[in-house]
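Peer 1: First the structure, which I've put down as structure tokens, then a few questions once you've had a look.
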Amino acid sequence: MNYETLTITVADKVATVTLNRPELRNAFNESAIAELALAFDELGRNELVRAVVLAANGPAFCAGADLNWMKKMAGYSHDENRADASRLADMLRTIYLCPKPTVAKVQGDCYAGGMGLVAACDIVVAAEGVNFCLSEVKLGLIPATISPYVIKAMGEQAARRYFLTAERFDTAAALRIGFAHEVVAPDALDTTVAGLVKALVSNSPNAVLEAKKLVRDVVGQPVGDALLLDTAERIAAIRASSEGREGVASFLEKRKPAWLN
């Protein structure tokens, strides 16, 4: 498929989805939302892809919503606004639930809805000098649709501050509150992300998928009999899986597992 707002490349089992509206600071509109949802859905089902990188062209990662799109929304009815927001929500959920591990490669400023894109990814690497901002309340709005992912990423206490103040914060703050996993010099961004995806694609594809689900399912659960039974069932099932057996066998036999061939 030919994308208007994205570029997609696949090499060495890694797909790179690049936001490609640099002249608009990669702000998204209905077309970008639809294309992101389609891209992550298709890549999630592509057996040749083991990891997905979300990147951007130009000086900014994503400025949030496109101004022309916002002008259109100003004339929408309540039902039209709800339908429009639901499409954005579905796109973010598609990224969050993508069965492949996802890495956000943040090379430039990331505002508003752009922070939702980043927060929906599994791993976040940002370049020094990048600024983040949840700017919605400055416009009389709230970061509602992105909130499930941003709050998970930065925590409730940080969200209480940045949702309400709309302050810009830098990569040092992003690292401190846990929104970013790594902050590196701009010229080290490519190398750092390459190292992460190399590690991801070296691991058992099925185990990575199940590990991703494990984090999502266990967070917030009480440590009781139901959780203990669930986790015991998960390890029993994966030990008996073909990749589980192959992984243990290859370790004991001191050889590469089959998924690296």
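Quick note on naming: the chains in the structure tokens go A, B, ... in the order shown, residues restart at 1 in each chain, and ligands are numbered from 1 in order of appearance.
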Give me the residues near A:Leu54 as a ChimeraX atom specification, where near means some atom within 9 Å (using only C-alpha atoms) and where sequence neighbours in that chain fewer than 4 positions away do not count.
Peer 2: /A:15-19,102-106,117-118,121
Peer 1: A:Ala188: which residues within 12 Å, counting only C-alpha atoms, same-chain residues fewer than 4 positions away excluded, as a VMD selection string?
Peer 2: chain A and resid 105 to 107 125 to 128 182 to 184 192 to 195
Peer 1: When distances are computed from only C-alpha atoms, which of A:Ala37, A:Ala185, A:Arg82, A:Gly108 shows the smallest separation from A:Ile95?
Peer 2: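 Smallest separation from A:Ile95 among the options: A:Ala37.
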Peer 1: From the list A:Ala166, A:Phe251, A:Lys198, A:Lys100, which residue is nearest A:Leu48 when using only C-alpha atoms?
Peer 2: A:Lys100
Peer 1: Give the answer as one residue: which of A:Ala11, A:Val124, A:Ala83, A:Leu134 has the shortest atom-to-atom distance to A:Leu196, using only C-alpha atoms?
Peer 2: A:Val124
